[in-house]
Structure formats: C-alpha cells, structure tokens
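Asks: File name upload23.cif; file contents mmCIF, C-alpha atoms and all ligand atoms; chains and numbers go by the auth columns; full text below.
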data_structure
loop_
_atom_site.group_PDB
_atom_site.id
_atom_site.type_symbol
_atom_site.label_atom_id
_atom_site.label_comp_id
_atom_site.label_asym_id
_atom_site.label_seq_id
_atom_site.Cartn_x
_atom_site.Cartn_y
_atom_site.Cartn_z
_atom_site.B_iso_or_equiv
_atom_site.auth_seq_id
_atom_site.auth_asym_id
ATOM 1 C CA MET A 1 -13.947 -7.894 -19.725 0.00 1037 A
ATOM 2 C CA ALA A 2 -12.252 -10.521 -21.862 0.00 1038 A
ATOM 3 C CA THR A 3 -15.476 -10.823 -23.849 0.00 1039 A
ATOM 4 C CA LYS A 4 -15.245 -7.222 -25.070 0.00 1040 A
ATOM 5 C CA SER A 5 -12.965 -6.453 -27.999 0.00 1041 A
ATOM 6 C CA SER A 6 -10.294 -3.854 -27.362 0.00 1042 A
ATOM 7 C CA GLU A 7 -11.827 -1.268 -29.763 0.00 1043 A
ATOM 8 C CA THR A 8 -14.915 -0.952 -27.593 0.00 1044 A
ATOM 9 C CA LYS A 9 -13.227 -0.512 -24.244 0.00 1045 A
ATOM 10 C CA THR A 10 -14.385 2.536 -22.332 0.00 1046 A
ATOM 11 C CA LEU A 11 -13.317 4.544 -19.314 0.00 1047 A
ATOM 12 C CA GLU A 12 -16.008 2.655 -17.426 0.00 1048 A
ATOM 13 C CA ASP A 13 -14.176 -0.595 -18.263 0.00 1049 A
ATOM 14 C CA LEU A 14 -10.932 0.938 -17.055 0.00 1050 A
ATOM 15 C CA LEU A 15 -12.603 1.974 -13.792 0.00 1051 A
ATOM 16 C CA GLU A 16 -13.907 -1.546 -13.313 0.00 1052 A
ATOM 17 C CA HIS A 17 -10.521 -3.041 -14.141 0.00 1053 A
ATOM 18 C CA GLY A 18 -8.856 -0.706 -11.643 0.00 1054 A
ATOM 19 C CA LEU A 19 -11.312 -1.643 -8.922 0.00 1055 A
ATOM 20 C CA LYS A 20 -10.662 -5.351 -9.534 0.00 1056 A
ATOM 21 C CA ASP A 21 -6.925 -4.713 -9.526 0.00 1057 A
ATOM 22 C CA MET A 22 -7.111 -2.903 -6.181 0.00 1058 A
ATOM 23 C CA TYR A 23 -9.516 -5.431 -4.682 0.00 1059 A
ATOM 24 C CA TYR A 24 -6.942 -8.120 -5.425 0.00 1060 A
ATOM 25 C CA ALA A 25 -4.102 -5.888 -4.207 0.00 1061 A
ATOM 26 C CA GLU A 26 -5.711 -4.824 -0.914 0.00 1062 A
ATOM 27 C CA ASN A 27 -6.438 -8.423 0.051 0.00 1063 A
ATOM 28 C CA LYS A 28 -2.747 -9.192 -0.384 0.00 1064 A
ATOM 29 C CA ILE A 29 -1.637 -5.970 1.315 0.00 1065 A
ATOM 30 C CA VAL A 30 -3.523 -6.926 4.505 0.00 1066 A
ATOM 31 C CA LYS A 31 -1.367 -10.046 4.758 0.00 1067 A
ATOM 32 C CA SER A 32 1.845 -8.175 3.991 0.00 1068 A
ATOM 33 C CA LEU A 33 1.056 -5.576 6.635 0.00 1069 A
ATOM 34 C CA GLU A 34 0.519 -8.383 9.162 0.00 1070 A
ATOM 35 C CA LYS A 35 4.032 -9.634 8.409 0.00 1071 A
ATOM 36 C CA MET A 36 5.457 -6.114 8.655 0.00 1072 A
ATOM 37 C CA VAL A 37 3.727 -5.519 12.015 0.00 1073 A
ATOM 38 C CA LYS A 38 5.335 -8.688 13.368 0.00 1074 A
ATOM 39 C CA ALA A 39 8.767 -7.806 11.986 0.00 1075 A
ATOM 40 C CA ALA A 40 8.869 -4.124 13.043 0.00 1076 A
ATOM 41 C CA GLU A 41 10.988 -3.381 16.106 0.00 1077 A
ATOM 42 C CA ASP A 42 10.135 0.271 16.647 0.00 1078 A
ATOM 43 C CA GLU A 43 6.883 0.450 18.648 0.00 1079 A
ATOM 44 C CA ASP A 44 5.586 3.534 16.812 0.00 1080 A
ATOM 45 C CA LEU A 45 6.217 1.856 13.459 0.00 1081 A
ATOM 46 C CA LYS A 46 4.482 -1.293 14.679 0.00 1082 A
ATOM 47 C CA ALA A 47 1.470 0.779 15.788 0.00 1083 A
ATOM 48 C CA ALA A 48 1.321 2.736 12.508 0.00 1084 A
ATOM 49 C CA LEU A 49 1.433 -0.446 10.434 0.00 1085 A
ATOM 50 C CA GLU A 50 -1.207 -2.081 12.609 0.00 1086 A
ATOM 51 C CA GLU A 51 -3.444 0.962 12.270 0.00 1087 A
ATOM 52 C CA HIS A 52 -3.083 0.906 8.492 0.00 1088 A
ATOM 53 C CA ARG A 53 -3.751 -2.835 8.419 0.00 1089 A
ATOM 54 C CA GLY A 54 -7.105 -2.094 10.071 0.00 1090 A
ATOM 55 C CA GLU A 55 -7.770 0.718 7.578 0.00 1091 A
ATOM 56 C CA THR A 56 -6.931 -1.643 4.730 0.00 1092 A
ATOM 57 C CA GLU A 57 -9.613 -4.078 5.889 0.00 1093 A
ATOM 58 C CA GLY A 58 -12.045 -1.158 5.775 0.00 1094 A
ATOM 59 C CA GLN A 59 -10.837 -0.302 2.264 0.00 1095 A
ATOM 60 C CA ILE A 60 -11.706 -3.808 1.090 0.00 1096 A
ATOM 61 C CA ALA A 61 -15.245 -3.249 2.378 0.00 1097 A
ATOM 62 C CA THR A 62 -15.341 0.164 0.662 0.00 1098 A
ATOM 63 C CA LEU A 63 -14.245 -1.397 -2.639 0.00 1099 A
ATOM 64 C CA GLU A 64 -17.090 -3.915 -2.295 0.00 1100 A
ATOM 65 C CA LYS A 65 -19.492 -0.998 -1.890 0.00 1101 A
ATOM 66 C CA ALA A 66 -18.003 0.669 -4.975 0.00 1102 A
ATOM 67 C CA PHE A 67 -18.613 -2.458 -7.070 0.00 1103 A
ATOM 68 C CA GLU A 68 -22.142 -2.545 -5.729 0.00 1104 A
ATOM 69 C CA ALA A 69 -22.729 1.127 -6.581 0.00 1105 A
ATOM 70 C CA LEU A 70 -21.691 0.346 -10.165 0.00 1106 A
ATOM 71 C CA GLY A 71 -23.936 -2.702 -10.283 0.00 1107 A
ATOM 72 C CA LYS A 72 -20.937 -5.006 -10.602 0.00 1108 A
ATOM 73 C CA LYS A 73 -19.902 -8.094 -8.721 0.00 1109 A
ATOM 74 C CA ALA A 74 -16.953 -7.556 -6.360 0.00 1110 A
ATOM 75 C CA GLN A 75 -14.069 -9.557 -7.712 0.00 1111 A
ATOM 76 C CA GLY A 76 -10.310 -9.326 -7.893 0.00 1112 A
ATOM 77 C CA GLU A 77 -8.090 -9.519 -10.908 0.00 1113 A
ATOM 78 C CA LYS A 78 -4.452 -10.503 -10.593 0.00 1114 A
ATOM 79 C CA CYS A 79 -2.289 -7.404 -10.332 0.00 1115 A
ATOM 80 C CA ASP A 80 1.252 -8.198 -11.471 0.00 1116 A
ATOM 81 C CA ALA A 81 2.561 -4.822 -10.319 0.00 1117 A
ATOM 82 C CA MET A 82 1.421 -5.281 -6.715 0.00 1118 A
ATOM 83 C CA ASP A 83 2.550 -8.904 -6.709 0.00 1119 A
ATOM 84 C CA GLY A 84 6.015 -7.683 -7.704 0.00 1120 A
ATOM 85 C CA ILE A 85 6.135 -4.942 -5.066 0.00 1121 A
ATOM 86 C CA LEU A 86 4.984 -7.337 -2.324 0.00 1122 A
ATOM 87 C CA LYS A 87 7.350 -10.084 -3.436 0.00 1123 A
ATOM 88 C CA GLU A 88 10.253 -7.665 -3.205 0.00 1124 A
ATOM 89 C CA GLY A 89 8.968 -6.583 0.216 0.00 1125 A
ATOM 90 C CA ASP A 90 8.960 -10.172 1.447 0.00 1126 A
ATOM 91 C CA GLN A 91 12.523 -10.618 0.241 0.00 1127 A
ATOM 92 C CA LEU A 92 13.637 -7.406 1.973 0.00 1128 A
ATOM 93 C CA LEU A 93 11.960 -8.499 5.212 0.00 1129 A
ATOM 94 C CA ALA A 94 13.925 -11.742 5.107 0.00 1130 A
ATOM 95 C CA ASP A 95 17.207 -10.086 4.095 0.00 1131 A
ATOM 96 C CA PHE A 96 17.103 -7.236 6.639 0.00 1132 A
ATOM 97 C CA LYS A 97 15.456 -9.063 9.555 0.00 1133 A
ATOM 98 C CA GLY A 98 17.163 -8.162 12.840 0.00 1134 A
ATOM 99 C CA SER A 99 19.637 -5.796 11.158 0.00 1135 A
ATOM 100 C CA PRO A 100 20.125 -2.125 12.105 0.00 1136 A
ATOM 101 C CA ALA A 101 18.331 -1.219 8.866 0.00 1137 A
ATOM 102 C CA GLY A 102 15.444 -3.632 9.457 0.00 1138 A
ATOM 103 C CA ASP A 103 12.814 -0.993 10.244 0.00 1139 A
ATOM 104 C CA ALA A 104 14.131 1.300 7.502 0.00 1140 A
ATOM 105 C CA ALA A 105 13.695 -1.589 5.053 0.00 1141 A
ATOM 106 C CA ILE A 106 10.089 -2.099 6.206 0.00 1142 A
ATOM 107 C CA ILE A 107 9.328 1.573 5.560 0.00 1143 A
ATOM 108 C CA PHE A 108 11.139 1.335 2.222 0.00 1144 A
ATOM 109 C CA SER A 109 8.797 -1.498 1.170 0.00 1145 A
ATOM 110 C CA ALA A 110 5.643 -0.082 2.736 0.00 1146 A
ATOM 111 C CA GLN A 111 6.042 3.275 0.990 0.00 1147 A
ATOM 112 C CA ALA A 112 6.375 1.552 -2.392 0.00 1148 A
ATOM 113 C CA VAL A 113 2.977 -0.021 -1.700 0.00 1149 A
ATOM 114 C CA GLU A 114 1.451 3.299 -0.598 0.00 1150 A
ATOM 115 C CA HIS A 115 2.715 5.175 -3.639 0.00 1151 A
ATOM 116 C CA TYR A 116 1.300 2.564 -5.988 0.00 1152 A
ATOM 117 C CA GLU A 117 -2.026 2.798 -4.175 0.00 1153 A
ATOM 118 C CA ILE A 118 -2.001 6.609 -4.322 0.00 1154 A
ATOM 119 C CA ALA A 119 -1.394 6.476 -8.089 0.00 1155 A
ATOM 120 C CA ARG A 120 -4.221 4.025 -8.690 0.00 1156 A
ATOM 121 C CA TYR A 121 -6.842 5.528 -6.379 0.00 1157 A
ATOM 122 C CA GLY A 122 -6.121 9.000 -7.792 0.00 1158 A
ATOM 123 C CA SER A 123 -6.867 7.713 -11.298 0.00 1159 A
ATOM 124 C CA LEU A 124 -9.953 5.794 -10.164 0.00 1160 A
ATOM 125 C CA ARG A 125 -11.344 8.839 -8.375 0.00 1161 A
ATOM 126 C CA ASN A 126 -10.852 10.927 -11.520 0.00 1162 A
ATOM 127 C CA TYR A 127 -12.531 8.329 -13.749 0.00 1163 A
ATOM 128 C CA ALA A 128 -15.479 8.012 -11.370 0.00 1164 A
ATOM 129 C CA GLU A 129 -15.876 11.804 -11.348 0.00 1165 A
ATOM 130 C CA LEU A 130 -15.772 11.986 -15.143 0.00 1166 A
ATOM 131 C CA LEU A 131 -18.343 9.207 -15.385 0.00 1167 A
ATOM 132 C CA GLY A 132 -20.670 10.987 -12.973 0.00 1168 A
ATOM 133 C CA GLU A 133 -20.279 8.203 -10.404 0.00 1169 A
ATOM 134 C CA ASP A 134 -20.084 10.641 -7.517 0.00 1170 A
ATOM 135 C CA GLU A 135 -20.599 8.054 -4.803 0.00 1171 A
ATOM 136 C CA VAL A 136 -17.721 5.939 -6.132 0.00 1172 A
ATOM 137 C CA ALA A 137 -15.554 9.042 -6.552 0.00 1173 A
ATOM 138 C CA GLU A 138 -16.142 9.875 -2.886 0.00 1174 A
ATOM 139 C CA MET A 139 -15.209 6.345 -1.833 0.00 1175 A
ATOM 140 C CA MET A 140 -11.990 6.514 -3.859 0.00 1176 A
ATOM 141 C CA GLN A 141 -11.166 9.891 -2.295 0.00 1177 A
ATOM 142 C CA GLN A 142 -11.749 8.473 1.167 0.00 1178 A
ATOM 143 C CA ILE A 143 -9.324 5.611 0.507 0.00 1179 A
ATOM 144 C CA LEU A 144 -6.867 7.996 -1.174 0.00 1180 A
ATOM 145 C CA ASP A 145 -6.839 10.176 1.951 0.00 1181 A
ATOM 146 C CA GLN A 146 -6.000 7.145 4.111 0.00 1182 A
ATOM 147 C CA GLU A 147 -3.184 6.075 1.782 0.00 1183 A
ATOM 148 C CA GLY A 148 -1.780 9.597 1.760 0.00 1184 A
ATOM 149 C CA ALA A 149 -1.882 9.832 5.546 0.00 1185 A
ATOM 150 C CA ALA A 150 -0.251 6.408 5.905 0.00 1186 A
ATOM 151 C CA ASP A 151 2.529 7.456 3.548 0.00 1187 A
ATOM 152 C CA GLU A 152 3.112 10.710 5.447 0.00 1188 A
ATOM 153 C CA LYS A 153 3.207 8.854 8.761 0.00 1189 A
ATOM 154 C CA LEU A 154 5.860 6.508 7.363 0.00 1190 A
ATOM 155 C CA THR A 155 7.922 9.483 6.182 0.00 1191 A
ATOM 156 C CA ASP A 156 7.644 11.047 9.656 0.00 1192 A
ATOM 157 C CA LEU A 157 8.810 7.814 11.291 0.00 1193 A
ATOM 158 C CA ALA A 158 11.698 7.403 8.851 0.00 1194 A
ATOM 159 C CA ASP A 159 12.832 11.009 9.337 0.00 1195 A
ATOM 160 C CA GLY A 160 12.036 10.966 13.038 0.00 1196 A
ATOM 161 C CA GLY A 161 14.741 8.493 14.000 0.00 1197 A
ATOM 162 C CA ILE A 162 14.399 5.190 12.184 0.00 1198 A
ATOM 163 C CA ASN A 163 16.693 6.128 9.300 0.00 1199 A
ATOM 164 C CA ASP A 164 19.141 7.784 11.695 0.00 1200 A
ATOM 165 C CA ALA A 165 19.222 4.614 13.807 0.00 1201 A
ATOM 166 C CA ALA A 166 19.925 2.582 10.672 0.00 1202 A
ATOM 167 C CA ALA A 167 22.721 4.971 9.687 0.00 1203 A
ATOM 168 C CA GLU A 168 24.219 4.844 13.177 0.00 1204 A
ATOM 169 C CA GLY A 169 24.043 1.066 13.152 0.00 1205 A
ATOM 170 C CA MET A 170 26.195 1.123 10.066 0.00 1206 A
ATOM 171 C CA GLU A 171 28.712 3.470 11.687 0.00 1207 A
ATOM 172 C CA GLU A 172 28.972 1.197 14.741 0.00 1208 A
ATOM 173 C CA ASP A 173 29.893 -1.681 12.464 0.00 1209 A
ATOM 174 C CA ASP A 174 32.444 0.440 10.625 0.00 1210 A
ATOM 175 C CA GLU A 175 33.995 2.130 13.640 0.00 1211 A
ATOM 176 C CA GLU A 176 34.257 -0.646 16.193 0.00 1212 A
ATOM 177 C CA ASP A 177 37.614 0.617 17.444 0.00 1213 A
ATOM 178 C CA ASP A 178 36.450 4.211 17.744 0.00 1214 A
ATOM 179 C CA GLY A 179 35.382 3.841 21.379 0.00 1215 A
ATOM 180 C CA ALA A 180 32.999 6.818 21.025 0.00 1216 A
HETATM 181 FE FE FE B . -4.908 0.357 0.642 0.00 1301 B
HETATM 182 FE FE FE B . -2.149 1.592 1.947 0.00 1302 B
#
In structure tokens, what does this structure look like?
Replies:
Amino acid sequence: MATKSSETKTLEDLLEHGLKDMYYAENKIVKSLEKMVKAAEDEDLKAALEEHRGETEGQIATLEKAFEALGKKAQGEKCDAMDGILKEGDQLLADFKGSPAGDAAIIFSAQAVEHYEIARYGSLRNYAELLGEDEVAEMMQQILDQEGAADEKLTDLADGGINDAAAEGMEEDDEEDDGA
C-alpha cells in the first residue's frame, strides 16, 4: 500500500488495511488472552476467556480466508491502537494481580479489546458489503457476532458478582474494625 499515492486510495485499500490491522491484532490478542486465562481467579471468567481464546484462533483462520477471497496475501500490519490497549492490559494485570479487583481489572481490559474489535469488524463488514465482496462481508459478520457475544458475556460476569466482589473487597479493607 505504500506504493500507492494517497490520492488514489480506495475503499478496497481501506478494507485491505483493516484486514491487515486485525490480522496483526488477533495474533497478539491470542497471547493476551492466554495471560488473562492464567491470571483470572473466577472459574467462569477463566472459562469465558479460554473459550474466546479458542474463537480468536478461529478468527485468525477466517481472516486468512478473507485475504484469500480478495486475492491478497495474508499479512499483518502493526496496529498502534491495539498495541496500546494490550500494553495497558499487561500493566493492569501486573498492578492488580491477586487484589480484590483483579478479575474486575481483567474484564476492564478485555472489554476494551472487544469494543475495538467490534468497531473495526463493523466497518470492515460494511466496506465488504459496499464492494460487493459478500463472502468477506459474511466472514466479518461471523467474527463480529463472536466479539459481540464475548463482550456481553464479560458484562454478565462483571454484573453477576465479579464487580460486587471487588467492591466488597474494598469495603473489607476500609472497615476492618466493623466486625460485620
Ligand atoms: Fe477477535
Ligand atoms: Fe475478541
């Protein structure tokens, strides 16, 4: 893409750029999810993250098929946005490890990843549709559905006790003499 001058860039170029961006991102996300699975204390959270790690491996394969459908070589392109989100996630894992808010912090990081993915795959699906690349549009929708479901599951886990446990942990620290 560097060989093309900016005046001639098309939506097709943007679709290809986005695919490269997500191919790079998903390969990094697999590794981040592995770390989150190890760090999670809540068994349901651990299972949800592990399930999504498996889905993410499938998404990498789907992206390869999308490149193929467009007659392009599957390759990644450094995504500064995802690097930043994952770097912050690593820092939060280290900072909150073993704390009452540890699992809440994992969800906090994981949902930032999911929302970025939802934004990008939504755009890529729309571009593919506009370009008449129906097969690619379907693949993007399939990934988008998985990202959306993963995000919802994380919200359910956060609301279903993990955030409460983190809040209670804080109260215990604050009210040591309470005896309650
Ligand atoms: Fe993903
Ligand atoms: Fe995801």
Asks: I'd like the interatomic distance between CA of Gln1177 (chain A) and CA of Val1073 (chain A), to a tenth of an Å.
Replies: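 Distance reported for this atom pair: 25.8 Å.
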Asks: List as an MDAnalysis selection string the protein and nucleic acid residues near Asp1116 (chain A), meaning an atom at most 12 Å away when all atoms listed in the file are counted, but skip any in the same chain fewer than 5 places from it.
Replies: chainID A and resid 1057:1058 1060:1061 1064 1121:1123
Asks: Could you tell me which of A:Asn1162, A:Asn1063, A:Gln1111, A:Ser1041 comes closest to ligand FE 1302 (chain B) if we count all atoms listed in the file?
Replies: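 Nearest candidate to ligand FE 1302 (chain B) out of A:Asn1162, A:Asn1063, A:Gln1111, A:Ser1041: A:Asn1063.
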Asks: If you take only C-alpha atoms and a cut-off of 10 Å, which residues of region 1153-1204 of chain A touch region 1139-1149 of chain A, and what are their nearest atom pairs and distances in Å to one decimal, in chain and number order, as a tab-separated table?
Replies:
residue	atom	partner	partner_atom	distance
A:Glu1153	CA	A:Val1149	CA	6.3
A:Ile1154	CA	A:Val1149	CA	8.7
A:Glu1183	CA	A:Val1149	CA	9.3
A:Ala1186	CA	A:Gln1147	CA	8.6
A:Asp1187	CA	A:Gln1147	CA	6.0
A:Glu1188	CA	A:Gln1147	CA	9.2
A:Lys1189	CA	A:Gln1147	CA	10.0
A:Leu1190	CA	A:Ile1143	CA	6.3
A:Thr1191	CA	A:Ile1143	CA	8.1
A:Leu1193	CA	A:Ile1143	CA	8.5
A:Ala1194	CA	A:Ala1140	CA	6.7
A:Asp1195	CA	A:Ala1140	CA	10.0
A:Gly1197	CA	A:Ala1140	CA	9.7
A:Ile1198	CA	A:Ala1140	CA	6.1
A:Asn1199	CA	A:Ala1140	CA	5.8
A:Asp1200	CA	A:Ala1140	CA	9.2
A:Ala1201	CA	A:Ala1140	CA	8.8
A:Ala1202	CA	A:Ala1140	CA	6.7
A:Ala1203	CA	A:Ala1140	CA	9.6
Asks: Give the answer as one residue: which of A:Met1176, A:Asp1049, A:Asp1170, A:Ala1105 has the shortest atom-to-atom distance to ligand FE 1301 (chain B), using all atoms listed in the file?
Replies: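 For ligand FE 1301 (chain B), the nearest of the candidates is A:Met1176.
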Asks: As an exercise, work out the distance from CA of Leu1166 (chain A) to CA of Leu1047 (chain A) in Å and give it to one decimal place.
Replies: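 It comes out at 8.9 Å.
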Asks: Using Å and a single decimal, report how far CA of Thr1092 (chain A) sits from atom FE of ligand FE 1302 (chain B).
Replies: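 Separating atom FE of ligand FE 1302 (chain B) from CA of Thr1092 (chain A) is a distance of 6.4 Å.
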Asks: For Glu1052 (chain A), work out the shell of residues within 9 Å, counting all atoms listed in the file and skipping chain neighbours fewer than 2 positions away, then give it as a ChimeraX atom specification.
Replies: /A:1047-1050,1054-1057,1103,1106,1108,1160
Asks: Closest to ligand FE 1301 (chain B) among A:Ala1117, A:Ala1102, A:Leu1167, A:Leu1180, using only C-alpha atoms and all ligand atoms?
Replies: A:Leu1180
Asks: Have region 1188-1205 of chain A completed to N, CA and C atoms, please, and pass it along as a tab-separated table (two decimals), keeping the file's coordinate frame.
Replies:
chain	number	residue	atom	x	y	z
A	1188	GLU	N	2.51	9.61	4.68
A	1188	GLU	CA	3.11	10.71	5.45
A	1188	GLU	C	3.61	10.24	6.80
A	1189	LYS	N	2.82	9.38	7.44
A	1189	LYS	CA	3.21	8.85	8.76
A	1189	LYS	C	4.52	8.07	8.65
A	1190	LEU	N	4.64	7.29	7.57
A	1190	LEU	CA	5.86	6.51	7.36
A	1190	LEU	C	7.06	7.43	7.14
A	1191	THR	N	6.84	8.51	6.39
A	1191	THR	CA	7.92	9.48	6.18
A	1191	THR	C	8.34	10.10	7.52
A	1192	ASP	N	7.35	10.46	8.34
A	1192	ASP	CA	7.64	11.05	9.66
A	1192	ASP	C	8.47	10.08	10.51
A	1193	LEU	N	8.09	8.81	10.48
A	1193	LEU	CA	8.81	7.81	11.29
A	1193	LEU	C	10.23	7.61	10.77
A	1194	ALA	N	10.36	7.58	9.45
A	1194	ALA	CA	11.70	7.40	8.85
A	1194	ALA	C	12.59	8.58	9.23
A	1195	ASP	N	12.05	9.80	9.06
A	1195	ASP	CA	12.83	11.01	9.34
A	1195	ASP	C	12.97	11.26	10.83
A	1196	GLY	N	12.06	10.70	11.61
A	1196	GLY	CA	12.04	10.97	13.04
A	1196	GLY	C	12.92	10.03	13.86
A	1197	GLY	N	13.79	9.30	13.23
A	1197	GLY	CA	14.74	8.49	14.00
A	1197	GLY	C	15.08	7.14	13.40
A	1198	ILE	N	14.15	6.56	12.67
A	1198	ILE	CA	14.40	5.19	12.18
A	1198	ILE	C	15.54	5.15	11.16
A	1199	ASN	N	15.58	6.11	10.26
A	1199	ASN	CA	16.69	6.13	9.30
A	1199	ASN	C	18.01	6.49	9.98
A	1200	ASP	N	17.93	7.42	10.94
A	1200	ASP	CA	19.14	7.78	11.70
A	1200	ASP	C	19.70	6.57	12.43
A	1201	ALA	N	18.80	5.80	13.07
A	1201	ALA	CA	19.22	4.61	13.81
A	1201	ALA	C	19.89	3.62	12.86
A	1202	ALA	N	19.34	3.50	11.65
A	1202	ALA	CA	19.92	2.58	10.67
A	1202	ALA	C	21.31	3.08	10.26
A	1203	ALA	N	21.43	4.39	10.08
A	1203	ALA	CA	22.72	4.97	9.69
A	1203	ALA	C	23.75	4.81	10.80
A	1204	GLU	N	23.31	5.01	12.03
A	1204	GLU	CA	24.22	4.84	13.18
A	1204	GLU	C	24.66	3.39	13.32
A	1205	GLY	N	23.72	2.50	13.09
A	1205	GLY	CA	24.04	1.07	13.15
A	1205	GLY	C	25.16	0.73	12.21
